file model_13.cif (mmCIF, C-alpha atoms)
data_structure
loop_
_atom_site.label_atom_id
_atom_site.label_comp_id
_atom_site.auth_asym_id
_atom_site.auth_seq_id
_atom_site.Cartn_x
_atom_site.Cartn_y
_atom_site.Cartn_z
CA MET Q 809 -48.77 51.20 88.49
CA LYS Q 810 -47.78 54.86 88.41
CA THR Q 811 -44.44 53.93 89.83
CA LEU Q 812 -43.93 51.40 87.05
CA PHE Q 813 -44.74 53.96 84.35
CA ALA Q 814 -42.49 56.50 85.95
CA ALA Q 815 -39.62 54.03 86.05
CA LEU Q 816 -40.24 53.07 82.43
CA ALA Q 817 -40.30 56.69 81.33
CA LEU Q 818 -37.13 57.39 83.23
CA THR Q 819 -35.20 54.50 81.75
CA THR Q 820 -36.46 55.36 78.26
CA ALA Q 821 -35.36 58.94 78.72
CA LEU Q 822 -31.94 57.77 79.80
CA ILE Q 823 -31.43 55.18 77.06
CA ALA Q 824 -32.98 56.90 74.04
CA PRO Q 825 -30.43 59.70 73.64
CA GLY Q 826 -27.60 57.21 73.74
CA MET Q 827 -29.22 55.15 71.03
CA ALA Q 828 -29.73 58.18 68.82
CA LEU Q 829 -26.19 59.55 69.08
CA ALA Q 830 -24.81 57.59 66.16
CA ARG Q 831 -25.96 55.46 63.28
CA PRO Q 832 -24.30 53.17 60.75
CA VAL Q 833 -23.71 54.98 57.47
CA THR Q 834 -22.48 53.24 54.34
CA VAL Q 835 -20.48 55.30 51.87
CA THR Q 836 -20.17 53.68 48.45
CA THR Q 837 -17.60 55.11 46.05
CA THR Q 838 -17.31 53.80 42.50
CA LEU Q 839 -14.20 54.66 40.51
CA ASN Q 840 -13.93 55.31 36.81
CA ALA Q 841 -11.85 53.02 34.62
CA TYR Q 842 -9.14 55.67 34.37
CA GLY Q 843 -6.46 53.17 33.39
CA GLY Q 844 -3.95 53.73 36.18
CA ASN Q 845 -2.79 52.25 39.44
CA GLY Q 846 -4.91 52.10 42.56
CA ALA Q 847 -6.27 55.40 43.79
CA TYR Q 848 -5.56 56.89 47.18
CA LEU Q 849 -8.75 58.41 48.58
CA ALA Q 850 -9.09 60.61 51.66
CA PHE Q 851 -12.59 60.95 53.11
CA TYR Q 852 -12.93 63.84 55.53
CA VAL Q 853 -15.47 66.30 56.84
CA THR Q 854 -15.51 70.08 57.04
CA ASP Q 855 -17.95 72.12 59.08
CA ALA Q 856 -20.29 74.83 57.86
CA GLN Q 857 -17.44 77.34 57.84
CA GLY Q 858 -15.25 75.08 55.73
CA ALA Q 859 -12.91 74.19 58.58
CA TYR Q 860 -11.53 70.67 58.74
CA LYS Q 861 -13.44 68.64 61.30
CA GLY Q 862 -11.92 65.17 60.99
CA SER Q 863 -11.24 62.21 58.77
CA LEU Q 864 -13.61 59.36 58.10
CA TRP Q 865 -11.49 57.00 55.99
CA MET Q 866 -8.19 56.75 54.15
CA ALA Q 867 -7.87 54.35 51.22
CA GLY Q 868 -4.13 53.77 50.89
CA GLY Q 869 -1.67 52.90 53.62
CA LYS Q 870 1.63 54.55 52.62
CA SER Q 871 2.11 57.90 54.30
CA LYS Q 872 4.70 59.01 51.76
CA TYR Q 873 1.94 59.44 49.18
CA TYR Q 874 -0.42 61.48 51.34
CA GLU Q 875 0.98 64.80 50.22
CA HIS Q 876 -0.75 64.18 46.91
CA LEU Q 877 -4.09 64.29 48.70
CA SER Q 878 -3.43 67.97 48.84
CA ASP Q 879 -6.49 69.43 50.54
CA TRP Q 880 -6.51 66.74 53.22
CA TYR Q 881 -2.76 67.11 53.64
CA ARG Q 882 -3.01 70.88 53.99
CA ALA Q 883 -5.70 70.54 56.63
CA THR Q 884 -3.96 67.85 58.66
CA GLY Q 885 -0.28 68.42 57.97
CA GLY Q 886 -0.19 64.78 56.98
CA ASN Q 887 -0.68 63.73 60.60
CA THR Q 888 -1.33 60.01 60.42
CA ALA Q 889 -2.85 60.03 63.90
CA GLU Q 890 -5.91 61.46 62.14
CA ILE Q 891 -6.42 58.18 60.31
CA ASN Q 892 -5.24 55.51 62.71
CA GLY Q 893 -7.81 52.73 62.70
CA ILE Q 894 -9.64 54.07 59.66
CA THR Q 895 -7.15 53.21 56.93
CA GLY Q 896 -7.47 50.52 54.30
CA ALA Q 897 -6.07 49.61 50.92
CA SER Q 898 -6.07 51.84 47.86
CA VAL Q 899 -8.86 51.25 45.36
CA GLY Q 900 -8.29 49.98 41.84
CA ALA Q 901 -9.70 51.60 38.73
CA GLY Q 902 -13.26 50.55 38.04
CA ARG Q 903 -13.72 49.14 41.55
CA ALA Q 904 -16.32 50.11 44.13
CA LEU Q 905 -15.35 50.84 47.72
CA SER Q 906 -18.05 50.41 50.33
CA ILE Q 907 -17.35 51.64 53.86
CA THR Q 908 -19.75 51.29 56.75
CA LEU Q 909 -19.03 53.67 59.61
CA ASP Q 910 -20.77 54.39 62.87
CA LEU Q 911 -21.23 58.14 62.45
CA ALA Q 912 -22.54 60.71 64.88
CA ASP Q 913 -26.03 61.98 64.17
CA ALA Q 914 -24.79 65.51 64.68
CA LEU Q 915 -23.00 65.33 61.33
CA PHE Q 916 -26.24 65.38 59.39
CA ASP Q 917 -28.32 68.43 58.52
CA ALA Q 918 -25.86 70.67 60.33
CA GLY Q 919 -23.84 72.10 57.47
CA TYR Q 920 -21.12 69.47 57.45
CA VAL Q 921 -19.63 68.53 54.07
CA LEU Q 922 -18.05 65.22 53.10
CA HIS Q 923 -14.94 65.70 50.95
CA VAL Q 924 -12.97 63.12 49.00
CA ASP Q 925 -9.45 63.87 47.77
CA ALA Q 926 -8.09 61.48 45.15
CA ALA Q 927 -4.61 60.78 43.84
CA VAL Q 928 -3.21 58.21 41.43
CA GLU Q 929 0.44 57.48 40.75
CA ASP Q 930 1.78 59.31 37.71
CA MET Q 931 -1.56 61.03 37.19
CA ARG Q 932 -2.94 64.39 38.26
CA ASN Q 933 -4.00 64.97 41.84
CA SER Q 934 -7.65 65.65 42.42
CA PRO Q 935 -8.27 67.51 45.69
CA SER Q 936 -11.90 67.68 46.77
CA GLU Q 937 -12.84 65.42 43.91
CA ILE Q 938 -16.19 65.29 45.61
CA ALA Q 939 -17.70 67.66 48.16
CA VAL Q 940 -21.21 66.69 49.17
CA PRO Q 941 -23.28 68.07 52.07
CA LEU Q 942 -24.27 65.52 54.68
CA THR Q 943 -28.05 65.63 54.89
CA THR Q 944 -30.70 63.07 55.56
CA ALA Q 945 -32.38 64.10 52.32
CA GLY Q 946 -29.17 63.38 50.40
CA SER Q 947 -29.06 59.80 51.59
CA GLY Q 948 -29.06 57.35 48.71
CA GLN Q 949 -28.36 59.94 46.04
CA ALA Q 950 -25.42 59.42 43.67
CA ASN Q 951 -22.97 62.27 43.42
CA PRO Q 952 -20.58 62.41 40.45
CA GLY Q 953 -16.87 63.04 40.85
CA ARG Q 954 -14.63 65.19 38.69
CA ARG Q 955 -11.83 62.89 37.58
CA TYR Q 956 -11.36 59.45 39.14
CA ILE Q 957 -14.65 58.90 40.95
CA ALA Q 958 -17.67 57.94 38.90
CA SER Q 959 -20.09 58.35 41.80
CA LEU Q 960 -20.40 58.51 45.55
CA ALA Q 961 -23.47 57.82 47.62
CA TYR Q 962 -24.08 57.47 51.32
CA GLY Q 963 -26.92 55.56 52.87
CA MET Q 964 -28.36 55.37 56.37
CA MET M 1145 58.92 0.12 28.61
CA LYS M 1146 59.64 0.68 32.26
CA THR M 1147 61.69 3.74 31.38
CA THR M 1148 58.89 5.20 29.28
CA ILE M 1149 56.39 4.71 32.07
CA ALA M 1150 58.77 6.20 34.59
CA VAL M 1151 59.35 9.29 32.45
CA LEU M 1152 55.60 9.67 31.85
CA ALA M 1153 54.91 9.42 35.57
CA ALA M 1154 57.65 11.88 36.36
CA THR M 1155 56.42 14.49 33.86
CA THR M 1156 52.86 14.04 35.06
CA ALA M 1157 53.90 14.53 38.67
CA LEU M 1158 56.02 17.54 37.76
CA GLY M 1159 53.14 19.09 35.79
CA ALA M 1160 50.75 18.53 38.67
CA ILE M 1161 53.15 20.11 41.16
CA ILE M 1162 53.47 23.19 38.96
CA ALA M 1163 49.76 23.47 38.07
CA ILE M 1164 48.10 23.03 41.46
CA PRO M 1165 49.28 26.32 43.06
CA GLY M 1166 48.31 28.20 39.92
CA ILE M 1167 44.81 26.78 39.91
CA ALA M 1168 44.48 27.60 43.59
CA MET M 1169 45.55 31.19 43.00
CA ILE M 1170 42.83 31.63 40.39
CA ARG M 1171 39.94 30.09 42.32
CA THR M 1172 40.50 31.34 45.85
CA PRO M 1173 39.46 35.01 45.38
CA ASP M 1174 36.27 34.06 43.60
CA ALA M 1175 34.92 31.70 46.22
CA GLY M 1176 31.42 32.74 47.17
CA SER M 1177 31.12 35.48 44.59
CA PRO M 1178 27.66 35.58 42.99
CA ARG M 1179 29.08 37.24 39.90
CA THR M 1180 31.78 34.70 39.17
CA SER M 1181 30.70 33.72 35.72
CA PHE M 1182 30.47 37.34 34.56
CA SER M 1183 33.10 39.47 36.18
CA ALA M 1184 35.60 37.43 38.17
CA PRO M 1185 38.46 37.56 35.68
CA ALA M 1186 38.21 41.31 35.33
CA ASP M 1187 37.76 41.88 39.04
CA THR M 1188 40.63 39.72 40.21
CA MET M 1189 44.06 41.24 40.56
CA GLN M 1190 47.25 39.27 40.41
CA ASP M 1191 47.77 39.47 44.16
CA GLY M 1192 44.47 37.73 44.80
CA THR M 1193 42.48 40.75 45.94
CA VAL M 1194 39.05 41.49 44.49
CA LEU M 1195 38.13 44.84 43.05
CA LEU M 1196 34.56 46.04 43.39
CA ALA M 1197 33.46 46.86 39.90
CA SER M 1198 30.92 49.34 41.22
CA GLY M 1199 32.23 50.38 44.59
CA ASP M 1200 30.34 53.66 44.46
CA ASP M 1201 27.05 51.85 44.85
CA GLU M 1202 27.58 51.12 48.51
CA ASP M 1203 28.63 54.66 49.23
CA ASN M 1204 25.49 56.00 47.65
CA ASP M 1205 23.28 53.57 49.50
CA GLU M 1206 24.51 54.86 52.82
CA GLY M 1207 22.86 58.18 52.21
CA THR M 1208 19.50 56.91 51.09
CA ASN M 1209 16.47 55.95 53.10
CA ASP M 1210 13.30 53.99 52.52
CA CYS M 1211 11.49 56.94 51.02
CA ASP M 1212 12.69 56.21 47.50
CA GLU M 1213 9.86 55.67 45.10
CA ASP M 1214 11.01 52.20 44.11
CA GLU M 1215 12.06 51.04 47.52
CA GLY M 1216 10.68 50.84 50.99
CA ASP M 1217 7.19 49.76 50.08
CA ASP M 1218 7.15 47.80 53.26
CA ASP M 1219 8.73 50.48 55.36
CA ALA M 1220 7.17 51.10 58.70
CA GLY M 1221 7.63 54.79 58.87
CA THR M 1222 11.28 55.68 58.57
CA CYS M 1223 10.83 58.48 56.04
CA ALA M 1224 10.07 62.14 56.48
CA ALA M 1225 6.38 61.61 55.74
CA GLY M 1226 5.97 60.06 59.17
CA PRO M 1227 4.82 56.64 60.22
CA ASN M 1228 2.21 54.79 58.26
CA PRO M 1229 -1.21 54.84 59.92
CA ALA M 1230 -2.56 51.89 61.83
CA PRO M 1231 -4.83 49.84 59.58
CA ALA M 1232 -8.52 49.59 60.33
CA GLY M 1233 -9.34 46.97 62.91
CA THR M 1234 -6.01 47.19 64.69
CA VAL M 1235 -6.86 50.24 66.79
CA ALA M 1236 -9.99 52.22 67.54
CA PRO M 1237 -10.94 55.08 65.20
CA PRO M 1238 -9.69 58.49 66.29
CA ALA M 1239 -11.74 60.39 68.86
CA ASN M 1240 -12.53 63.25 66.48
CA GLY M 1241 -16.20 63.53 67.39
CA LEU M 1242 -17.35 62.07 64.08
CA PHE M 1243 -17.72 58.50 65.21
CA GLY M 1244 -20.02 56.88 67.68
CA ASN M 1245 -18.78 54.35 70.16
CA GLY M 1246 -20.36 51.46 68.34
CA ALA M 1247 -19.27 49.13 65.62
CA ALA M 1248 -15.82 49.21 64.07
CA PRO M 1249 -15.55 50.38 60.44
CA GLN M 1250 -16.32 47.76 57.83
CA VAL M 1251 -14.94 47.97 54.33
CA GLN M 1252 -15.61 46.05 51.15
CA VAL M 1253 -14.18 46.44 47.66
CA ASN M 1254 -16.01 45.02 44.66
#
call {"tool": "encode", "arguments": {"input": "model_13.cif", "output": "structure tokens"}}
result
Amino acid sequence: MKTLFAALALTTALIAPGMALARPVTVTTTLNAYGGNGAYLAFYVTDAQGAYKGSLWMAGGKSKYYEHLSDWYRATGGNTAEINGITGASVGAGRALSITLDLADALFDAGYVLHVDAAVEDMRNSPSEIAVPLTTAGSGQANPGRRYIASLAYGM
Amino acid sequence: MKTTIAVLAATTALGAIIAIPGIAMIRTPDAGSPRTSFSAPADTMQDGTVLLASGDDEDNDEGTNDCDEDEGDDDAGTCAAGPNPAPAGTVAPPANGLFGNGAAPQVQVN
């Protein structure tokens, strides 16, 4: 019996950390009816010191427009390898973009900040339109944007 | 009566012989031109050659690339901005330490 419990404890100890490494997180971004073309949105994370950590999503597939996502572009040099496999279509005015990502647990409650840069053709760029700390307590709370984004919320 | 018909036939034949080469001279340079109805008379010289009404256009096009604002929407990365990124679902997300090794990103627009 003791052997059985020991084996169970051992397997649990081995499996549990792997299960807790990441979790699905849904980021919902609702745009204002700003009356322009589809918005390019760059979702990326900075660490507690404000240094670029990585990108989470790019809404808009044409690299020639990325320079207008100025903070993201400055941090990455426009390197599209940063967003391979995490790029989708631009988002129309008044629409809501919902992205579900398998994110590392280490991103939460560790000083990381989720940024969103926004740009719309023939309209003003909006770097760091939203900058919201990633915390478990902040899950489900709506965060207002400055220009094109009405609100952003992430849920776990 | 026979004389009248003979003269009529002779003048008709003579007119046809004179007219056919002229008609051919006019039509030959314009064959295949999409702008025939608008610009062929002005673009056709007497020796049968065709002038390009806007010959500079082709010269200018040689120096352009797909980065123009109105062109190249479907370009696959020929401009200075670099290649377009791989869309979600076609390759794995980047190994930047932010993602787990689980499910692929899912996106929905309402």
call {"tool": "atom_distance", "arguments": {"input": "model_13.cif", "atom1": "atom CA of Leu829 of chain Q", "atom2": "atom CA of Lys861 of chain Q"}}
result
17.5 Å
call {"tool": "atom_distance", "arguments": {"input": "model_13.cif", "atom1": "atom CA of Gly846 of chain Q", "atom2": "atom CA of Val899 of chain Q"}}
result
4.9 Å
call {"tool": "resolve_selection", "arguments": {"input": "model_13.cif", "expression": "the PyMOL selection byres ((chain M) within 6 of (chain Q))", "output": "number ranges by chain"}}
result
M: 1225, 1228-1233, 1235-1237, 1240, 1242-1244, 1249-1254
call {"tool": "atom_distance", "arguments": {"input": "model_13.cif", "atom1": "atom CA of Gly1241 of chain M", "atom2": "atom CA of Leu877 of chain Q"}}
result
22.3 Å
call {"tool": "axis_aligned_box", "arguments": {"input": "model_13.cif", "around": "segment 930-940 of chain Q", "padding_each_side": "3 Å", "output": "JSON"}}
result
{"center_x": -9.7, "center_y": 63.5, "center_z": 43.2, "size_x": 29.0, "size_y": 14.4, "size_z": 18.0}
call {"tool": "closest_atom_pairs", "arguments": {"input": "model_13.cif", "of": "segment 823-933 of chain Q", "to": "segment 943-953 of chain Q", "cutoff": "8 Å", "atoms": "only C-alpha atoms", "output": "JSON lines"}}
result
{"residue": "Q:Phe916", "atom": "CA", "partner": "Q:Thr943", "partner_atom": "CA", "distance": 4.9}
{"residue": "Q:Asp917", "atom": "CA", "partner": "Q:Thr943", "partner_atom": "CA", "distance": 4.6}
{"residue": "Q:Ala918", "atom": "CA", "partner": "Q:Thr943", "partner_atom": "CA", "distance": 7.7}
call {"tool": "resolve_selection", "arguments": {"input": "model_13.cif", "expression": "the PyMOL selection byres ((chain Q and resi 926) around 6)", "output": "PDB file with C-alpha atoms, keeping the file's coordinate frame"}}
result
ATOM      1  CA  TYR Q 848      -5.560  56.890  47.180  1.00  0.00           C
ATOM      2  CA  LEU Q 849      -8.750  58.410  48.580  1.00  0.00           C
ATOM      3  CA  ASP Q 925      -9.450  63.870  47.770  1.00  0.00           C
ATOM      4  CA  ALA Q 927      -4.610  60.780  43.840  1.00  0.00           C
ATOM      5  CA  SER Q 934      -7.650  65.650  42.420  1.00  0.00           C
TER       6      SER Q 934
END
call {"tool": "closest_residue", "arguments": {"input": "model_13.cif", "among": "Q:Thr854, Q:Asn845, Q:Thr884, Q:Asn840", "to": "Pro941 of chain Q", "atoms": "all atoms listed in the file"}}
result
Q:Thr854
